[in-house]
$ cat my_file06.txt   # compact mmCIF, C-alpha atoms
# COMPACT_ATOMS: atom_id res chain seq x y z
CA MET E 25 -58.51 -85.23 -108.10
CA TRP E 26 -59.20 -81.50 -107.86
CA LYS E 27 -61.60 -82.12 -104.98
CA VAL E 28 -58.94 -83.99 -102.97
CA LEU E 29 -56.34 -81.26 -103.59
CA CYS E 30 -58.77 -78.49 -102.54
CA THR E 31 -59.61 -80.38 -99.34
CA ALA E 32 -55.89 -80.76 -98.40
CA LEU E 33 -55.22 -77.06 -99.02
CA ALA E 34 -58.17 -76.04 -96.85
CA ALA E 35 -56.98 -78.28 -93.99
CA GLY E 36 -53.44 -76.83 -94.22
CA ALA E 37 -54.79 -73.27 -94.10
CA CYS E 38 -56.85 -74.04 -90.97
CA LEU E 39 -53.84 -75.61 -89.24
CA ALA E 40 -51.59 -72.63 -90.05
CA SER E 41 -54.25 -70.20 -88.78
CA SER E 42 -54.57 -72.09 -85.49
CA ARG E 43 -50.78 -72.06 -84.94
CA ALA E 44 -50.61 -68.35 -85.70
CA GLU E 45 -53.31 -67.64 -83.15
CA ALA E 46 -51.47 -69.67 -80.55
CA HIS E 47 -48.17 -67.82 -81.07
CA VAL E 48 -49.27 -64.30 -82.01
CA GLY E 49 -52.15 -63.39 -79.76
CA GLY E 50 -54.46 -66.27 -79.65
CA HIS E 51 -55.19 -68.45 -76.67
CA ALA E 52 -52.09 -69.19 -74.59
CA PRO E 53 -51.42 -72.72 -73.39
CA ARG E 54 -52.81 -73.50 -69.95
CA LEU E 55 -50.91 -75.27 -67.14
CA GLU E 56 -53.15 -77.62 -65.27
CA PRO E 57 -51.72 -79.83 -62.49
CA THR E 58 -53.12 -83.29 -62.62
CA ALA E 59 -54.96 -84.80 -59.70
CA THR E 60 -52.35 -87.51 -59.44
CA ALA E 61 -49.41 -85.15 -58.77
CA THR E 62 -47.62 -86.58 -55.74
CA PRO E 63 -44.48 -84.94 -54.30
CA ARG E 64 -41.62 -87.04 -53.01
CA PRO E 65 -42.25 -88.16 -49.40
CA PRO E 66 -40.52 -86.01 -46.75
CA ASP E 67 -37.22 -87.08 -45.27
CA ASP E 68 -36.62 -88.27 -41.71
CA ALA E 69 -36.47 -84.75 -40.27
CA GLY E 70 -40.09 -84.06 -41.29
CA GLU E 71 -39.18 -81.38 -43.85
CA PRO E 72 -40.49 -81.30 -47.47
CA PRO E 73 -37.88 -82.17 -50.14
CA GLU E 74 -36.18 -79.35 -51.91
CA ASP E 75 -37.03 -80.67 -55.45
CA ALA E 76 -40.59 -82.02 -55.52
CA PRO E 77 -41.67 -83.41 -58.96
CA VAL E 78 -45.04 -82.06 -60.15
CA ARG E 79 -46.85 -83.46 -63.19
CA VAL E 80 -48.57 -80.80 -65.33
CA ARG E 81 -50.63 -80.93 -68.54
CA ILE E 82 -50.29 -78.34 -71.32
CA ARG E 83 -53.60 -77.91 -73.08
CA GLY E 84 -53.63 -76.10 -76.42
CA PRO E 85 -55.36 -76.22 -79.76
CA MET E 86 -53.48 -79.39 -80.70
CA GLY E 87 -54.52 -81.26 -77.56
CA ALA E 88 -52.99 -81.93 -74.14
CA ILE E 89 -49.31 -82.71 -73.58
CA SER E 90 -48.20 -84.15 -70.21
CA ALA E 91 -44.88 -83.14 -68.69
CA THR E 92 -43.10 -83.51 -65.36
CA LEU E 93 -41.55 -80.42 -63.75
CA ARG E 94 -39.44 -80.06 -60.63
CA MET E 95 -40.34 -77.13 -58.42
CA ARG E 96 -37.85 -76.08 -55.74
CA ALA E 97 -39.37 -75.76 -52.28
CA PRO E 98 -38.07 -72.99 -49.99
CA ARG E 99 -35.29 -74.20 -47.72
CA ARG E 100 -36.16 -74.18 -44.02
CA GLU E 101 -33.65 -74.13 -41.23
CA ARG E 102 -33.25 -77.45 -39.50
CA ARG E 103 -34.09 -77.37 -35.84
CA GLY E 104 -32.69 -80.13 -33.76
CA PRO E 105 -33.43 -80.88 -30.10
CA PRO E 106 -32.36 -78.24 -27.55
CA SER E 107 -28.75 -78.51 -26.53
CA ARG E 108 -27.84 -79.87 -23.10
CA ALA E 109 -26.13 -76.63 -22.16
CA GLU E 110 -29.45 -74.76 -22.42
CA ASN E 111 -31.67 -77.11 -20.42
CA ALA E 112 -29.40 -79.18 -18.18
CA PRO E 113 -29.61 -77.97 -14.57
CA ASP E 114 -26.40 -77.17 -12.79
CA ASP E 115 -26.33 -79.72 -9.97
CA THR E 116 -23.09 -78.51 -8.43
CA ARG E 117 -23.83 -74.91 -7.59
CA ALA E 118 -26.00 -73.89 -4.68
CA PRO E 119 -28.48 -70.95 -4.74
CA LEU E 120 -28.57 -68.00 -2.33
CA LEU E 121 -28.29 -69.16 1.29
CA VAL E 122 -29.36 -67.03 4.26
CA ARG E 123 -28.24 -67.98 7.76
CA MET E 124 -28.93 -66.18 11.02
CA GLY E 125 -28.70 -67.14 14.64
CA VAL E 126 -27.55 -66.54 18.18
CA GLN E 127 -24.58 -68.15 19.90
CA GLY E 128 -23.46 -68.30 23.52
CA ALA E 129 -20.08 -69.44 24.81
CA ARG E 130 -18.27 -70.04 28.06
CA MET E 131 -15.01 -68.07 27.70
CA GLY E 132 -12.61 -68.78 30.57
CA ASP E 133 -14.09 -67.25 33.69
CA GLY E 134 -16.47 -65.15 31.68
CA GLY E 135 -18.98 -65.59 28.89
CA ALA E 136 -19.89 -64.39 25.43
CA LEU E 137 -23.13 -63.89 23.55
CA GLY E 138 -23.14 -63.24 19.82
CA LEU E 139 -25.41 -62.70 16.83
CA PHE E 140 -24.58 -63.42 13.20
CA LEU E 141 -26.14 -62.97 9.76
CA THR E 142 -24.67 -64.34 6.53
CA LEU E 143 -25.90 -63.99 2.96
CA ASP E 144 -24.19 -66.45 0.62
CA GLY E 145 -24.54 -66.33 -3.14
CA MET E 146 -22.97 -68.79 -5.55
CA LYS E 147 -19.77 -66.75 -5.56
CA ALA E 148 -20.03 -63.73 -3.24
CA GLY E 149 -21.77 -62.82 -0.02
CA ILE E 150 -21.77 -60.83 3.23
CA ASP E 151 -20.97 -61.89 6.79
CA LEU E 152 -22.03 -59.73 9.76
CA ARG E 153 -21.17 -60.62 13.39
CA VAL E 154 -21.35 -58.97 16.79
CA THR E 155 -20.21 -60.55 20.05
CA GLY E 156 -20.43 -59.19 23.55
CA LEU E 157 -17.97 -60.48 26.17
CA THR E 158 -18.01 -60.20 29.94
CA PHE E 159 -15.11 -61.38 32.09
CA PRO E 160 -13.66 -60.51 35.52
CA VAL E 161 -10.92 -57.92 35.79
CA ASP E 162 -7.61 -59.38 36.91
CA ASP E 163 -6.90 -56.72 39.55
CA GLY E 164 -8.05 -58.41 42.74
CA THR E 165 -11.49 -56.78 42.67
CA ASN E 166 -14.86 -58.21 41.79
CA SER E 167 -15.38 -55.84 38.86
CA LEU E 168 -16.16 -57.03 35.35
CA ASP E 169 -14.88 -55.94 31.99
CA HIS E 170 -17.26 -55.57 29.07
CA LEU E 171 -16.00 -55.83 25.52
CA THR E 172 -17.85 -55.79 22.21
CA VAL E 173 -16.32 -57.25 19.06
CA LEU E 174 -17.82 -56.54 15.63
CA GLY E 175 -16.96 -57.82 12.18
CA THR E 176 -18.20 -56.97 8.68
CA HIS E 177 -16.83 -59.06 5.83
CA LEU E 178 -17.33 -59.55 2.13
CA THR E 179 -17.00 -63.22 1.24
CA VAL E 180 -15.92 -65.06 -1.90
CA ALA E 181 -16.73 -68.74 -2.28
CA LEU E 182 -13.85 -70.86 -3.53
CA VAL E 183 -16.14 -73.90 -3.45
CA SER E 184 -19.93 -73.61 -3.56
CA THR E 185 -22.06 -76.76 -3.90
CA GLU E 186 -25.18 -78.20 -2.33
CA ARG E 187 -22.90 -80.33 -0.15
CA GLY E 188 -20.70 -77.57 1.25
CA ARG E 189 -18.92 -74.24 0.93
CA LEU E 190 -15.41 -72.91 1.40
CA ARG E 191 -14.96 -69.12 1.61
CA VAL E 192 -12.32 -66.47 2.01
CA GLU E 193 -13.33 -63.20 3.65
CA ALA E 194 -12.06 -59.64 3.96
CA GLY E 195 -13.48 -56.63 5.76
CA VAL E 196 -13.28 -54.58 8.93
CA ALA E 197 -13.21 -55.61 12.58
CA SER E 198 -13.51 -53.49 15.70
CA ALA E 199 -13.22 -53.93 19.46
CA HIS E 200 -15.11 -51.62 21.82
CA ALA E 201 -14.19 -51.30 25.48
CA PRO E 202 -15.24 -48.57 27.96
CA GLY E 203 -13.58 -45.37 26.72
CA VAL E 204 -11.67 -46.97 23.85
CA LEU E 205 -12.30 -48.15 20.29
CA PHE E 206 -9.99 -50.19 18.05
CA VAL E 207 -10.62 -50.62 14.32
CA GLY E 208 -8.55 -52.56 11.83
CA PRO E 209 -8.61 -54.67 8.68
CA SER E 210 -9.89 -58.20 9.08
CA PHE E 211 -9.32 -61.41 7.13
CA ALA E 212 -11.03 -64.76 7.59
CA ALA E 213 -11.70 -68.19 6.12
CA SER E 214 -14.79 -70.27 6.81
CA GLY E 215 -16.62 -73.32 5.58
CA GLU E 216 -19.08 -76.10 6.24
CA ALA E 217 -19.75 -79.49 4.72
CA CYS E 218 -22.43 -82.18 5.01
CA ILE E 219 -21.62 -85.43 6.78
CA GLY E 220 -22.75 -88.06 4.31
CA GLU E 221 -26.51 -88.16 3.84
CA SER E 222 -27.26 -87.20 7.44
CA ARG E 223 -28.65 -83.95 8.85
CA TRP E 224 -25.27 -83.12 10.41
CA ASP E 225 -22.72 -80.60 9.13
CA VAL E 226 -19.20 -79.84 10.21
CA GLU E 227 -18.26 -76.15 10.30
CA GLY E 228 -15.27 -74.01 11.09
CA ARG E 229 -14.02 -70.44 10.94
CA VAL E 230 -10.81 -68.53 11.66
CA GLN E 231 -10.42 -64.74 11.66
CA ALA E 232 -7.49 -62.38 12.25
CA THR E 233 -6.88 -58.64 12.58
CA PRO E 234 -3.11 -57.90 12.31
CA PHE E 235 -3.05 -54.19 13.24
CA PRO E 236 -3.37 -51.67 14.86
CA TYR E 237 -4.52 -54.09 17.54
CA ARG E 238 -4.38 -57.88 17.29
CA GLN E 239 -7.36 -60.17 17.28
CA VAL E 240 -7.47 -63.86 16.45
CA GLU E 241 -10.73 -65.80 16.66
CA ALA E 242 -11.36 -69.43 15.81
CA GLN E 243 -14.16 -71.93 16.23
CA ALA E 244 -15.00 -75.44 15.08
CA GLY E 245 -18.09 -77.53 15.64
CA VAL E 246 -21.09 -79.34 14.21
CA ALA E 247 -24.62 -78.30 13.26
CA LEU E 248 -27.83 -80.32 13.25
CA HIS E 249 -30.41 -79.27 10.65
CA LEU E 250 -34.09 -79.77 11.48
CA GLY E 251 -35.67 -78.28 8.40
CA ALA E 252 -34.94 -74.55 8.37
CA PHE E 253 -34.12 -74.62 12.10
CA ASN E 254 -30.66 -75.71 13.23
CA LEU E 255 -28.72 -76.35 16.44
CA ARG E 256 -24.98 -75.76 16.65
CA GLY E 257 -22.22 -76.54 19.12
CA GLY E 258 -18.43 -76.75 19.36
CA TRP E 259 -15.35 -74.94 20.65
CA HIS E 260 -14.64 -71.20 20.42
CA GLY E 261 -11.44 -69.29 21.13
CA LEU E 262 -10.54 -65.56 21.13
CA TYR E 263 -7.23 -63.74 21.55
CA LEU E 264 -7.03 -59.94 21.97
CA ASP E 265 -3.93 -57.71 22.29
CA ASP E 266 -4.04 -53.91 22.44
CA THR E 267 -0.32 -53.75 21.37
CA GLY E 268 0.36 -51.03 23.95
CA LEU E 269 -2.18 -48.56 22.58
CA LEU E 270 -3.73 -48.20 26.00
CA PRO E 271 -1.67 -46.33 28.60
CA GLY E 272 -0.18 -48.41 31.37
CA ILE E 273 0.11 -52.17 31.22
CA GLU E 274 -0.30 -53.91 27.87
CA HIS E 275 -3.53 -55.88 27.84
CA GLN E 276 -3.61 -59.38 26.43
CA ASP E 277 -6.53 -61.74 26.82
CA ALA E 278 -6.83 -65.36 25.64
CA LEU E 279 -10.29 -66.83 26.12
CA ALA E 280 -11.63 -70.21 25.07
CA GLY E 281 -14.53 -72.51 25.81
CA PRO E 282 -17.49 -74.44 24.40
CA TYR E 283 -20.23 -72.69 22.51
CA PHE E 284 -23.87 -73.52 21.80
CA GLY E 285 -26.16 -71.81 19.32
CA MET E 286 -29.38 -71.98 17.35
CA GLY E 287 -30.71 -70.28 14.29
CA PHE E 288 -32.27 -70.59 10.85
CA ALA E 289 -30.93 -71.39 7.41
CA PHE E 290 -33.00 -71.00 4.22
$ encode --input "my_file06.txt" --output "structure tokens"
Amino acid sequence: MWKVLCTALAAGACLASSRAEAHVGGHAPRLEPTATATPRPPDDAGEPPEDAPVRVRIRGPMGAISATLRMRAPRRERRGPPSRAENAPDDTRAPLLVRMGVQGARMGDGGALGLFLTLDGMKAGIDLRVTGLTFPVDDGTNSLDHLTVLGTHLTVALVSTERGRLRVEAGVASAHAPGVLFVGPSFAASGEACIGESRWDVEGRVQATPFPYRQVEAQAGVALHLGAFNLRGGWHGLYLDDTGLLPGIEHQDALAGPYFGMGFAF
């Protein structure tokens, strides 16, 4: 009887000592993840779940106790496919277009020879033109008049696509004759458009200077594109009026005729 009681007391003392060591400074419980811990499979977006269950085992003096904990994974920003606005090419707007060429025309009893250079962006550009005219003087002699017409314009594209352009222009125009020079504001409109899927374009331009002298110029025609090289042809007209600025008789000239040209576009 006394032996049984002494044995029970000794076992109770050992158990109390072990618990005291565990809570007061003894060996702390250890967290050991089991080999079978398996997080929840990722969702459709390929990201790990926010709450992944992890099975752990607490090992202490009284043995191992299994438990299941949920550990929160850091949230990552979802990244979807790039938006269409970032990658979709703009099929309607054309890039920078450079055109240059030479053009000759039969103007009444005389002729004209001109050079042009245009730089067209998607919205704005520059148009530079110079034309030299030679025609007989209407005074009963065989003398010739020589006139040079220049124009410098800034252009704004109202329509700018790979199939055509429509522009409005503003700048300065001048007319040079022997011993005289006229300069005035200039306004114009121009455009060209493809004819179906062919290599042909239609083109046109009209320009006017209202004062101090008057100048009206217009042309319409077609262009054939052979790679970067092109051929052009159509009808060209020019009206000039010095509005009495020259002494003597007021000079008015209306000239028109076919034109032919060639150049490059790239």
$ residues_around --input "my_file06.txt" --residues "region 220-223 of chain E" --least-positions-apart "2" --cutoff "7 Å" --atoms "all atoms listed in the file" --output "list in words"
Cys218, Asp225, Leu248 and His249 of chain E
$ closest_residue --input "my_file06.txt" --among "E:Leu264, E:Met131, E:Leu269, E:Ala280" --to "Thr233 (chain E)" --atoms "all atoms listed in the file"
E:Leu264
$ atom_distance --input "my_file06.txt" --atom1 "CA of Pro209 (chain E)" --atom2 "CA of Leu174 (chain E)"
11.7 Å
$ residues_around --input "my_file06.txt" --residues "region 251-262 of chain E" --least-positions-apart "6" --cutoff "7 Å" --atoms "all atoms listed in the file" --output "list in words"
Val240, Glu241, Ala242, Gln243, Ala244, Gly245, Ala278, Leu279, Ala280, Gly281, Pro282, Tyr283, Phe284, Gly285, Met286, Gly287, Phe288, Ala289 and Phe290 of chain E
$ atom_distance --input "my_file06.txt" --atom1 "CA of His177 (chain E)" --atom2 "CA of Val196 (chain E)"
6.5 Å
$ closest_residue --input "my_file06.txt" --among "E:His170, E:Arg123, E:His275, E:Lys147" --to "Arg189 (chain E)" --atoms "all atoms listed in the file"
E:Lys147
$ residues_near_point --input "my_file06.txt" --point "(-23.0, -61.4, -3.1)" --cutoff "10 Å" --atoms "all atoms listed in the file" --output "PDB file with C-alpha atoms, in the frame of the given file"
ATOM      1  CA  LEU E 120     -28.570 -68.000  -2.330  1.00  0.00           C
ATOM      2  CA  LEU E 143     -25.900 -63.990   2.960  1.00  0.00           C
ATOM      3  CA  ASP E 144     -24.190 -66.450   0.620  1.00  0.00           C
ATOM      4  CA  GLY E 145     -24.540 -66.330  -3.140  1.00  0.00           C
ATOM      5  CA  MET E 146     -22.970 -68.790  -5.550  1.00  0.00           C
ATOM      6  CA  LYS E 147     -19.770 -66.750  -5.560  1.00  0.00           C
ATOM      7  CA  ALA E 148     -20.030 -63.730  -3.240  1.00  0.00           C
ATOM      8  CA  GLY E 149     -21.770 -62.820  -0.020  1.00  0.00           C
ATOM      9  CA  ILE E 150     -21.770 -60.830   3.230  1.00  0.00           C
ATOM     10  CA  LEU E 178     -17.330 -59.550   2.130  1.00  0.00           C
ATOM     11  CA  THR E 179     -17.000 -63.220   1.240  1.00  0.00           C
ATOM     12  CA  VAL E 180     -15.920 -65.060  -1.900  1.00  0.00           C
ATOM     13  CA  ALA E 181     -16.730 -68.740  -2.280  1.00  0.00           C
TER      14      ALA E 181
END
$ atom_distance --input "my_file06.txt" --atom1 "CA of Val204 (chain E)" --atom2 "CA of Leu139 (chain E)"
22.0 Å
$ residues_around --input "my_file06.txt" --residues "Ala136 (chain E)" --least-positions-apart "2" --cutoff "7 Å" --atoms "all atoms listed in the file" --output "ChimeraX atom specification"
/E:128-131,138,155-158
